[in-house]
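Next comes query.cif, with mmCIF, C-alpha atoms and all ligand atoms.
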data_data
#
loop_
_atom_site.label_atom_id
_atom_site.label_comp_id
_atom_site.auth_asym_id
_atom_site.auth_seq_id
_atom_site.Cartn_x
_atom_site.Cartn_y
_atom_site.Cartn_z
CA MET X 797 3.64 -20.54 114.59
CA LEU X 798 4.12 -16.83 113.84
CA PHE X 799 0.80 -16.42 112.08
CA ASP X 800 -1.18 -19.55 112.78
CA ARG X 801 -3.78 -17.57 114.78
CA GLN X 802 -6.52 -15.42 113.42
CA LEU X 803 -5.79 -12.29 115.44
CA ILE X 804 -2.31 -10.97 116.19
CA PHE X 805 -1.39 -7.95 118.29
CA VAL X 806 2.04 -6.41 117.93
CA VAL X 807 3.10 -4.50 121.04
CA GLY X 808 6.27 -2.82 122.32
CA LYS X 809 7.82 0.47 123.35
CA GLY X 810 7.54 3.41 120.94
CA GLY X 811 10.14 3.40 118.19
CA VAL X 812 11.35 -0.20 118.51
CA GLY X 813 9.80 -1.21 115.20
CA LYS X 814 6.18 -2.26 115.86
CA THR X 815 4.90 -0.86 112.57
CA THR X 816 7.84 -2.30 110.67
CA VAL X 817 7.40 -5.76 112.20
CA SER X 818 3.60 -5.66 111.67
CA CYS X 819 4.12 -4.89 107.98
CA ALA X 820 6.79 -7.59 107.60
CA LEU X 821 4.55 -10.15 109.33
CA ALA X 822 1.63 -9.18 107.11
CA LEU X 823 3.66 -9.67 103.93
CA ALA X 824 5.14 -12.95 105.16
CA ALA X 825 1.66 -14.27 106.05
CA ALA X 826 0.35 -13.17 102.65
CA ARG X 827 3.21 -15.06 100.98
CA ALA X 828 1.95 -18.12 102.87
CA GLY X 829 -1.39 -17.61 101.14
CA LYS X 830 -3.34 -15.78 103.82
CA ARG X 831 -5.73 -12.91 103.21
CA VAL X 832 -4.43 -10.35 105.67
CA LEU X 833 -5.93 -7.22 107.18
CA LEU X 834 -3.33 -4.97 108.77
CA CYS X 835 -4.83 -2.52 111.28
CA GLU X 836 -2.87 0.53 112.35
CA VAL X 837 -4.35 1.90 115.58
CA ASP X 838 -4.20 5.70 115.96
CA GLY X 839 -1.33 5.70 113.53
CA VAL X 840 0.03 8.14 111.01
CA SER X 841 -0.50 5.83 108.00
CA ARG X 842 3.11 4.72 108.30
CA ALA X 843 2.07 1.14 107.49
CA ALA X 844 0.43 2.23 104.22
CA GLN X 845 3.49 4.31 103.37
CA LEU X 846 5.90 1.45 104.07
CA LEU X 847 3.80 -0.97 102.01
CA GLU X 848 3.52 1.67 99.29
CA VAL X 849 -0.28 1.81 99.18
CA GLU X 850 -2.68 4.74 99.35
CA PRO X 851 -4.09 5.11 102.87
CA ALA X 852 -7.89 4.66 103.00
CA ALA X 853 -10.30 6.58 105.27
CA PRO X 854 -10.33 5.50 108.94
CA GLY X 855 -12.19 2.23 109.43
CA VAL X 856 -12.12 1.39 105.73
CA ALA X 857 -10.06 -1.50 104.34
CA GLY X 858 -7.71 -0.26 101.62
CA PRO X 859 -7.09 -2.12 98.36
CA VAL X 860 -5.47 -5.55 98.65
CA VAL X 861 -1.87 -5.26 97.45
CA ASP X 862 0.52 -8.22 97.76
CA GLY X 863 -2.24 -10.02 99.69
CA VAL X 864 -2.51 -7.33 102.37
CA SER X 865 -5.16 -4.69 102.98
CA VAL X 866 -4.37 -1.82 105.34
CA MET X 867 -6.91 -0.14 107.63
CA GLY X 868 -6.40 2.80 109.96
CA ILE X 869 -8.42 2.47 113.15
CA GLU X 870 -9.42 5.50 115.09
CA GLY X 871 -11.73 5.44 118.13
CA SER X 872 -14.12 8.25 117.20
CA ALA X 873 -14.56 7.01 113.62
CA ALA X 874 -15.25 3.51 114.96
CA LEU X 875 -17.89 4.93 117.28
CA VAL X 876 -19.68 6.68 114.41
CA GLU X 877 -19.54 3.43 112.41
CA TYR X 878 -20.95 1.50 115.34
CA LEU X 879 -23.76 3.98 115.84
CA GLY X 880 -24.44 3.71 112.11
CA MET X 881 -25.27 0.05 112.66
CA VAL X 882 -27.52 0.82 115.62
CA ILE X 883 -29.14 3.91 114.04
CA PRO X 884 -29.56 3.05 110.37
CA VAL X 885 -31.32 6.34 109.51
CA ARG X 886 -28.48 8.48 108.20
CA ARG X 887 -30.11 11.84 108.78
CA PHE X 888 -30.81 10.98 112.38
CA LEU X 889 -27.29 9.61 112.89
CA GLN X 890 -25.83 12.88 111.64
CA THR X 891 -28.05 14.85 114.00
CA VAL X 892 -26.70 12.74 116.86
CA THR X 893 -23.00 12.87 115.98
CA LYS X 894 -23.09 16.62 115.27
CA SER X 895 -24.83 17.43 118.54
CA GLU X 896 -22.94 19.17 121.28
CA ILE X 897 -23.89 16.60 123.88
CA TYR X 898 -22.46 13.82 121.70
CA GLN X 899 -19.17 15.68 121.24
CA TYR X 900 -19.01 16.29 124.96
CA PHE X 901 -19.84 12.67 125.76
CA VAL X 902 -17.19 11.26 123.40
CA ALA X 903 -14.52 13.59 124.74
CA ALA X 904 -15.39 12.95 128.37
CA ALA X 905 -16.32 9.26 128.60
CA PRO X 906 -13.20 7.55 129.89
CA GLY X 907 -11.98 4.74 127.68
CA LEU X 908 -14.83 5.05 125.19
CA LYS X 909 -12.55 5.53 122.19
CA GLU X 910 -10.35 2.62 123.27
CA LEU X 911 -13.43 0.45 123.71
CA MET X 912 -14.64 1.35 120.24
CA THR X 913 -11.17 0.64 118.83
CA ILE X 914 -11.06 -2.89 120.19
CA GLY X 915 -14.73 -3.39 119.27
CA LYS X 916 -13.92 -2.52 115.67
CA ILE X 917 -10.95 -4.93 115.66
CA TRP X 918 -13.20 -7.67 117.01
CA PHE X 919 -15.78 -6.87 114.34
CA GLU X 920 -13.21 -7.21 111.56
CA ALA X 921 -11.69 -10.40 113.03
CA GLN X 922 -15.00 -12.25 113.06
CA ARG X 923 -16.43 -10.64 109.92
CA ILE X 924 -17.99 -13.06 107.45
CA ASP X 925 -17.79 -12.61 103.71
CA LYS X 926 -21.43 -12.57 102.60
CA ARG X 927 -20.73 -14.24 99.25
CA SER X 928 -18.58 -17.16 100.39
CA GLY X 929 -19.99 -17.49 103.92
CA LYS X 930 -16.40 -17.78 105.20
CA ALA X 931 -14.28 -15.42 107.30
CA LEU X 932 -13.47 -12.28 105.32
CA TRP X 933 -9.86 -12.25 106.61
CA ASP X 934 -7.67 -15.25 107.44
CA LEU X 935 -5.58 -13.06 109.66
CA VAL X 936 -5.96 -9.66 111.30
CA ILE X 937 -2.71 -8.05 112.47
CA VAL X 938 -2.97 -5.09 114.83
CA ASP X 939 -0.14 -2.59 115.05
CA SER X 940 -0.53 -1.03 118.49
CA PRO X 941 -0.58 2.73 119.13
CA ALA X 942 2.70 4.59 119.40
CA THR X 943 1.94 6.04 122.83
CA GLY X 944 3.21 4.66 126.10
CA HIS X 945 -0.28 3.39 126.85
CA GLY X 946 -0.19 0.93 123.99
CA LEU X 947 -1.95 -1.74 126.03
CA GLN X 948 -4.80 0.48 127.23
CA TYR X 949 -7.27 -0.48 124.52
CA LEU X 950 -6.68 -4.18 125.22
CA ARG X 951 -7.83 -3.72 128.79
CA MET X 952 -11.11 -1.98 127.94
CA PRO X 953 -13.30 -5.02 127.20
CA GLN X 954 -12.48 -6.51 130.61
CA ALA X 955 -13.14 -3.18 132.29
CA ALA X 956 -16.50 -2.86 130.49
CA ARG X 957 -17.41 -6.43 131.36
CA ASP X 958 -16.65 -5.88 135.04
CA ALA X 959 -18.41 -2.51 135.14
CA PHE X 960 -21.74 -3.67 133.72
CA GLY X 961 -24.08 -6.22 135.24
CA ALA X 962 -26.00 -8.72 133.15
CA GLY X 963 -27.21 -7.15 129.93
CA LEU X 964 -26.26 -6.21 126.41
CA VAL X 965 -22.97 -4.40 127.14
CA ARG X 966 -21.80 -7.23 129.35
CA ARG X 967 -22.65 -9.85 126.72
CA GLU X 968 -20.84 -7.90 123.98
CA ALA X 969 -17.79 -7.35 126.18
CA ASP X 970 -17.74 -11.04 127.10
CA LYS X 971 -17.52 -11.99 123.43
CA VAL X 972 -14.57 -9.68 122.86
CA VAL X 973 -12.74 -10.85 125.99
CA SER X 974 -13.15 -14.51 125.04
CA LEU X 975 -11.61 -13.87 121.63
CA LEU X 976 -8.73 -11.86 123.09
CA GLN X 977 -7.91 -14.53 125.68
CA ASP X 978 -8.30 -17.58 123.44
CA PRO X 979 -4.86 -19.09 122.70
CA ARG X 980 -6.23 -20.90 119.63
CA GLN X 981 -7.31 -17.65 118.01
CA THR X 982 -5.18 -14.84 119.39
CA ALA X 983 -1.49 -14.08 120.03
CA VAL X 984 0.36 -11.04 121.33
CA HIS X 985 3.81 -10.64 119.80
CA LEU X 986 6.32 -8.44 121.62
CA VAL X 987 8.82 -6.27 119.78
CA THR X 988 11.97 -4.90 121.35
CA THR X 989 15.44 -3.77 120.47
CA ALA X 990 18.46 -5.10 122.35
CA GLU X 991 18.88 -1.90 124.37
CA GLU X 992 18.39 -1.13 128.03
CA MET X 993 15.12 0.86 128.07
CA PRO X 994 13.22 -1.21 125.52
CA VAL X 995 14.28 -4.42 127.28
CA ASN X 996 13.03 -3.05 130.62
CA GLU X 997 9.74 -2.07 129.03
CA THR X 998 9.44 -5.51 127.44
CA VAL X 999 9.80 -7.16 130.83
CA THR X 1000 6.91 -5.04 132.18
CA MET X 1001 4.75 -5.57 129.11
CA GLU X 1002 5.22 -9.33 129.10
CA GLN X 1003 4.07 -9.44 132.69
CA ARG X 1004 1.05 -7.21 132.07
CA VAL X 1005 -0.09 -9.15 129.04
CA ARG X 1006 0.17 -12.43 130.96
CA GLU X 1007 -1.17 -11.36 134.36
CA GLU X 1008 -3.49 -8.38 133.85
CA LEU X 1009 -4.83 -9.07 130.39
CA ALA X 1010 -4.54 -12.87 130.56
CA MET X 1011 -3.86 -12.84 126.82
CA PRO X 1012 -1.79 -15.53 125.07
CA LEU X 1013 1.77 -14.45 124.27
CA GLY X 1014 3.30 -15.34 120.92
CA SER X 1015 6.88 -14.62 119.96
CA LEU X 1016 9.49 -12.02 120.83
CA PHE X 1017 10.92 -10.04 117.93
CA VAL X 1018 14.31 -8.55 118.62
CA ASN X 1019 14.65 -5.82 116.04
CA ARG X 1020 17.60 -3.81 114.73
CA LEU X 1021 19.97 -6.44 116.01
CA HIS X 1022 23.66 -6.28 115.17
CA LEU X 1023 24.63 -9.73 114.05
CA GLU X 1024 28.04 -11.20 114.64
CA ARG X 1025 29.63 -11.15 111.20
CA PHE X 1026 33.29 -11.46 112.20
CA ARG X 1027 34.80 -13.98 114.60
CA PRO X 1028 37.27 -12.42 117.09
CA SER X 1029 40.06 -14.45 115.47
CA ASP X 1030 39.17 -12.93 112.08
CA ILE X 1031 39.38 -9.43 113.49
CA GLU X 1032 42.81 -10.19 114.94
CA LEU X 1033 43.94 -11.51 111.59
CA LEU X 1034 42.75 -8.32 109.92
CA GLU X 1035 44.53 -6.15 112.46
CA LYS X 1036 47.72 -8.11 112.11
CA ALA X 1037 47.57 -7.90 108.33
CA ALA X 1038 47.02 -4.14 108.53
CA ARG X 1039 50.04 -3.71 110.81
CA ARG X 1040 52.28 -5.80 108.60
CA SER X 1041 51.35 -4.38 105.27
CA ARG X 1042 53.95 -2.10 103.67
CA ARG X 1043 51.69 -0.57 101.07
CA PRO X 1044 50.03 2.48 102.62
CA GLU X 1045 46.73 2.16 100.77
CA VAL X 1046 46.39 -1.52 101.71
CA LYS X 1047 47.42 -0.73 105.28
CA GLN X 1048 44.80 2.00 105.48
CA THR X 1049 42.01 -0.07 103.97
CA LEU X 1050 42.67 -3.14 106.09
CA GLY X 1051 42.98 -0.93 109.17
CA ALA X 1052 39.61 0.70 108.45
CA VAL X 1053 37.91 -2.65 107.90
CA ALA X 1054 39.39 -4.04 111.12
CA LYS X 1055 38.23 -1.01 113.08
CA ARG X 1056 34.71 -1.27 111.68
CA ALA X 1057 34.63 -5.00 112.43
CA ARG X 1058 35.66 -4.34 116.04
CA GLU X 1059 32.91 -1.74 116.36
CA GLU X 1060 30.26 -4.07 114.95
CA SER X 1061 31.44 -6.84 117.21
CA GLY X 1062 31.22 -4.44 120.16
CA TRP X 1063 27.58 -3.72 119.30
CA THR X 1064 26.92 -7.44 119.13
CA THR X 1065 28.36 -7.90 122.61
CA LEU X 1066 26.32 -4.99 124.00
CA ASN X 1067 23.15 -6.35 122.38
CA ARG X 1068 23.78 -9.74 123.88
CA GLN X 1069 24.31 -8.28 127.36
CA HIS X 1070 21.01 -6.38 127.29
CA LEU X 1071 19.12 -9.43 126.12
CA ARG X 1072 20.16 -11.29 129.26
CA HIS X 1073 17.73 -9.11 131.22
CA LEU X 1074 14.59 -10.10 129.32
CA GLY X 1075 13.28 -12.26 132.15
CA ALA X 1076 10.22 -14.31 131.20
CA ALA X 1077 10.05 -12.55 127.83
CA GLY X 1078 13.40 -14.16 127.04
CA LYS X 1079 11.74 -17.58 127.26
CA LEU X 1080 9.35 -16.85 124.40
CA PRO X 1081 10.15 -18.14 120.93
CA ARG X 1082 12.48 -15.51 119.50
CA VAL X 1083 12.88 -14.00 116.06
CA ASP X 1084 16.03 -11.95 115.51
CA LEU X 1085 15.70 -9.21 112.92
CA PRO X 1086 18.89 -7.60 111.65
CA PHE X 1087 19.63 -3.91 111.65
CA VAL X 1088 19.16 -3.01 107.98
CA PHE X 1089 21.59 -0.27 107.22
CA SER X 1090 20.28 2.17 104.68
CA GLU X 1091 19.75 5.86 104.25
CA GLU X 1092 16.01 5.39 104.15
CA PHE X 1093 14.03 2.43 105.46
CA ALA X 1094 11.51 1.69 102.70
CA LYS X 1095 9.82 -1.30 101.10
CA GLN X 1096 13.05 -2.78 99.81
CA GLN X 1097 14.52 -2.84 103.32
CA LEU X 1098 11.25 -4.21 104.67
CA LEU X 1099 11.46 -7.14 102.26
CA GLU X 1100 14.76 -8.21 103.86
CA LEU X 1101 12.89 -8.60 107.15
CA VAL X 1102 10.05 -10.45 105.41
CA ASP X 1103 12.58 -13.04 104.21
CA VAL X 1104 13.86 -13.54 107.75
CA ILE X 1105 10.32 -13.90 109.13
CA GLU X 1106 9.35 -16.27 106.35
CA ALA X 1107 12.33 -18.47 107.17
CA ALA X 1108 11.44 -18.39 110.90
CA ALA X 1109 7.70 -19.05 110.46
N1 LIG C 1201 15.46 -3.72 111.19
C1 LIG C 1201 15.59 -2.40 111.06
N2 LIG C 1201 16.74 -1.88 110.60
C2 LIG C 1201 16.90 -0.55 110.48
N3 LIG C 1201 15.96 0.36 110.80
C3 LIG C 1201 14.77 -0.09 111.26
C4 LIG C 1201 14.52 -1.48 111.41
N4 LIG C 1201 13.27 -1.62 111.90
C5 LIG C 1201 12.75 -0.40 112.04
N5 LIG C 1201 13.64 0.54 111.66
C6 LIG C 1201 13.44 2.00 111.72
O1 LIG C 1201 13.21 2.36 113.08
C7 LIG C 1201 12.24 3.40 113.17
C8 LIG C 1201 11.08 2.99 114.07
O2 LIG C 1201 10.35 1.94 113.48
P1 LIG C 1201 8.76 1.85 113.58
O3 LIG C 1201 8.37 0.54 112.96
O4 LIG C 1201 8.10 3.06 113.04
O5 LIG C 1201 8.60 1.78 115.16
P2 LIG C 1201 7.28 1.87 116.06
O6 LIG C 1201 6.11 1.54 115.20
O7 LIG C 1201 7.51 0.85 117.14
O8 LIG C 1201 7.22 3.25 116.63
C9 LIG C 1201 11.80 3.70 111.75
O9 LIG C 1201 12.49 4.80 111.28
C10 LIG C 1201 12.18 2.44 111.00
O10 LIG C 1201 12.41 2.69 109.65
MG MG C 1202 4.35 2.67 114.81
#

I'd like the structure from this file rewritten - as structure tokens, please.
Ligand SMILES: Nc1ncnc2c1ncn2[C@@H]1O[C@H](COP(=O)(O)OP(=O)(O)O)[C@@H](O)[C@H]1O
Ligand SMILES: [Mg+2]
Amino acid sequence: MLFDRQLIFVVGKGGVGKTTVSCALALAAARAGKRVLLCEVDGVSRAAQLLEVEPAAPGVAGPVVDGVSVMGIEGSAALVEYLGMVIPVRRFLQTVTKSEIYQYFVAAAPGLKELMTIGKIWFEAQRIDKRSGKALWDLVIVDSPATGHGLQYLRMPQAARDAFGAGLVRREADKVVSLLQDPRQTAVHLVTTAEEMPVNETVTMEQRVREELAMPLGSLFVNRLHLERFRPSDIELLEKAARRSRRPEVKQTLGAVAKRAREESGWTTLNRQHLRHLGAAGKLPRVDLPFVFSEEFAKQQLLELVDVIEAAA
């Protein structure tokens, strides 16, 4: 269910954990035996860092480690790669890409980089391994850009299709749109935290994915969730025990634990209240990911989330 498609987009507000969830999904899918390509769009190689692999050049698949290969995708690099396929003569290609008019065109053409980004993703998703004749990747996971316009590149193929009449561009755009909108092949997973702003943004995003993009929604990942570890009756017991104890060190320790338990339980309640406002996004299959408390969030912490995802898949 979580990775039974061939192309997965992970979207959400900046900072909620898109890159983290994309990496965890990739590792969980690889554990299930899939050959996974994880694409980080306009990223800062955070995915490679988290997975503890060397980042490769933009548009190049890095080495497969734990069943996952990481690729950074960047619009202008994708455009050069695309032109390389159209203009196979290297010397001529360089003349083109170094020219002033090219630089001007790339900077000025609205949406060109986004179009090239999604084109490159499409190319990788349908890429055939020449030796085996089968798909090169079982699953392509796309970690969306960090900016507020994280859905922009998903809209470009439709825009291109509508802007061009019959012809090559229209045919190419049609192919990409059909893949993006096909519920058998594609899913958009939403990531949020159980806080006010991210929840609001999730409501908007869910609607835009469904109505504007007409893309199939997958699951909702609620990240950094405080889980209820103490029942209210347990907290009361702790507090009572702290009050009654005559030994100061026991009194102090029990008191501190009770206070911490109350705090954690307060977070749980707050989280739950915010999640009531998810609207239609709240009806999606949901995966709760715990807040992993640690000084630094690294691969070891990531693996805790992989276990949760594996159990939910
Ligand atoms: N479950 C979690 N528990 C604790 N910290 C987390 C968790 N998930 C993500 N983080 C931390 O939250 C921050 C944002 O995560 P990141 O995946 O980079 O978000 P995004 O890609 O959406 O901007 C990072 O510092 C990350 O380590
Ligand atoms: Mg990110």

Practice prompt. Could you check which of X:Ile1031, X:Gly963, X:Ser872, X:Lys809 is closest to ligand MG 1202 (chain C), using all atoms listed in the file?
Written response: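 Looking only at the distances to ligand MG 1202 (chain C), the closest residue turns out to be X:Lys809.
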
Find the residues of chain X that sit at most 8 Å from ligand MG 1202 (chain C); for each, write down the nearest two atoms and how far apart they are in Å, to one decimal. Count all atoms listed in the file. Sort by chain, then by number going up, and give it as JSON lines.
{"residue": "X:Gly810", "atom": "CA", "partner": "C:MG1202", "partner_atom": "MG", "distance": 6.9}
{"residue": "X:Gly811", "atom": "CA", "partner": "C:MG1202", "partner_atom": "MG", "distance": 6.7}
{"residue": "X:Gly813", "atom": "CA", "partner": "C:MG1202", "partner_atom": "MG", "distance": 6.7}
{"residue": "X:Lys814", "atom": "CA", "partner": "C:MG1202", "partner_atom": "MG", "distance": 5.4}
{"residue": "X:Thr815", "atom": "CA", "partner": "C:MG1202", "partner_atom": "MG", "distance": 4.2}
{"residue": "X:Thr816", "atom": "CA", "partner": "C:MG1202", "partner_atom": "MG", "distance": 7.3}
{"residue": "X:Glu836", "atom": "CA", "partner": "C:MG1202", "partner_atom": "MG", "distance": 7.9}
{"residue": "X:Gly839", "atom": "CA", "partner": "C:MG1202", "partner_atom": "MG", "distance": 6.6}
{"residue": "X:Val840", "atom": "CA", "partner": "C:MG1202", "partner_atom": "MG", "distance": 7.9}
{"residue": "X:Arg842", "atom": "CA", "partner": "C:MG1202", "partner_atom": "MG", "distance": 6.9}
{"residue": "X:Ala843", "atom": "CA", "partner": "C:MG1202", "partner_atom": "MG", "distance": 7.8}
{"residue": "X:Asp939", "atom": "CA", "partner": "C:MG1202", "partner_atom": "MG", "distance": 6.9}
{"residue": "X:Ser940", "atom": "CA", "partner": "C:MG1202", "partner_atom": "MG", "distance": 7.1}
{"residue": "X:Pro941", "atom": "CA", "partner": "C:MG1202", "partner_atom": "MG", "distance": 6.6}
{"residue": "X:Ala942", "atom": "CA", "partner": "C:MG1202", "partner_atom": "MG", "distance": 5.2}

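With distances taken over only C-alpha atoms and all ligand atoms, X:Leu821 is the one residue among X:Val1053, X:Leu1013, X:Leu821, X:Val892 lying closest to ligand LIG 1201 (chain C).
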
Box for ligand LIG 1201 (chain C): with edges along x, y and z, all listed atoms inside and 5 Å added on each side, what are the centre and edge lengths in Å to one decimal, as AutoDock Vina command-line options?
--center_x 11.5 --center_y 0.5 --center_z 113.4 --size_x 20.8 --size_y 18.5 --size_z 17.5

Worksheet item: Residues at most 12 Å from Phe799 (chain X), counting all atoms listed in the file, excluding those fewer than 6 positions away in the same chain, as a PyMOL selection string?
Response: chain X and resi 805-806+818+820-832+934-937+980-985+1014-1015+1105-1106+1108-1109

For the contact check between region 946-1009 of chain X and region 911-925 of chain X, emit one row per residue of region 946-1009 of chain X within 12 Å, containing the shortest atom pair and the distance in Å rounded to one decimal, counting all atoms listed in the file, chain then rising number order, as a tab-separated table.
residue	atom	partner	partner_atom	distance
X:Leu947	CA	X:Ile914	CA	10.9
X:Gln948	CA	X:Leu911	CA	9.3
X:Tyr949	CA	X:Ile914	CA	6.2
X:Leu950	CA	X:Ile914	CA	6.8
X:Arg951	CA	X:Leu911	CA	8.6
X:Met952	CA	X:Leu911	CA	5.4
X:Pro953	CA	X:Leu911	CA	6.5
X:Gln954	CA	X:Leu911	CA	9.8
X:Ala955	CA	X:Leu911	CA	9.3
X:Ala956	CA	X:Leu911	CA	8.1
X:Arg957	CA	X:Leu911	CA	11.0
X:Val965	CA	X:Leu911	CA	11.2
X:Glu968	CA	X:Gly915	CA	8.9
X:Ala969	CA	X:Gly915	CA	8.5
X:Asp970	CA	X:Gly915	CA	11.4
X:Lys971	CA	X:Trp918	CA	8.9
X:Val972	CA	X:Trp918	CA	6.3
X:Val973	CA	X:Trp918	CA	9.5
X:Ser974	CA	X:Trp918	CA	10.5
X:Leu975	CA	X:Trp918	CA	7.9
X:Leu976	CA	X:Trp918	CA	8.6
X:Gln981	CA	X:Ala921	CA	9.8
X:Thr982	CA	X:Ala921	CA	10.1

Worksheet item: Could you state the separation of CA of Met1011 (chain X) and CA of Gly961 (chain X) in Å, given to one decimal place?
Response: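 CA of Gly961 (chain X) lies 22.9 Å from CA of Met1011 (chain X).
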
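The point (-15.3, 6.1, 119.8) has these residues within 7 Å of it, counting all atoms listed in the file: Gly871, Ser872, Ala873, Ala874, Leu875, Val876, Val902, Leu908, Lys909, Glu910, Met912 and Thr913 of chain X.
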
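Proximity of X:Arg1020, X:Lys930, X:Arg1006, X:Arg1040 to ligand LIG 1201 (chain C), computed with only C-alpha atoms and all ligand atoms, is greatest for X:Arg1020.
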
For Ala1038 (chain X), please output as a tab-separated table (two decimals) with C-alpha atoms, in the frame of the given file all residues within 12 Å (counting all atoms listed in the file; exclusion window: fewer than 5 positions along the same chain).
chain	number	residue	atom	x	y	z
X	1031	ILE	CA	39.38	-9.43	113.49
X	1032	GLU	CA	42.81	-10.19	114.94
X	1033	LEU	CA	43.94	-11.51	111.59
X	1043	ARG	CA	51.69	-0.57	101.07
X	1044	PRO	CA	50.03	2.48	102.62
X	1045	GLU	CA	46.73	2.16	100.77
X	1046	VAL	CA	46.39	-1.52	101.71
X	1047	LYS	CA	47.42	-0.73	105.28
X	1048	GLN	CA	44.80	2.00	105.48
X	1049	THR	CA	42.01	-0.07	103.97
X	1050	LEU	CA	42.67	-3.14	106.09
X	1051	GLY	CA	42.98	-0.93	109.17
X	1052	ALA	CA	39.61	0.70	108.45
X	1053	VAL	CA	37.91	-2.65	107.90
X	1054	ALA	CA	39.39	-4.04	111.12
X	1055	LYS	CA	38.23	-1.01	113.08

Worksheet entry | Long-range neighbours of region 1068-1077 of chain X as a PyMOL selection string, 9 Å cut-off, only C-alpha atoms, 6 positions minimum in chain | chain X and resi 986+989-992+995-996+998-999+1001-1003+1015-1016+1018

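Of the listed residues X:Tyr898, X:Phe1017, X:Phe960, X:Phe1026, the one whose atoms come nearest to ligand LIG 1201 (chain C) is X:Phe1017, with distances taken using all atoms listed in the file.
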
Worksheet entry | Residue nearest ligand LIG 1201 (chain C) - candidates X:Pro994, X:Gly1078, X:Pro884, X:Pro859, atoms counted: all atoms listed in the file |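 Once distances to ligand LIG 1201 (chain C) are computed over all atoms listed in the file, the minimum belongs to X:Pro994.
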
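Distances to Thr891 (chain X) were evaluated for X:Leu803, X:Leu932, X:Leu879, X:Glu848 using all atoms listed in the file, and the minimum falls at X:Leu879.
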
Practice prompt. Would you mind reading off the distance between atom C10 of ligand LIG 1201 (chain C) and CA of Cys819 (chain X), one decimal, in Å?
Written response: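 Distance reported for this atom pair: 11.3 Å.
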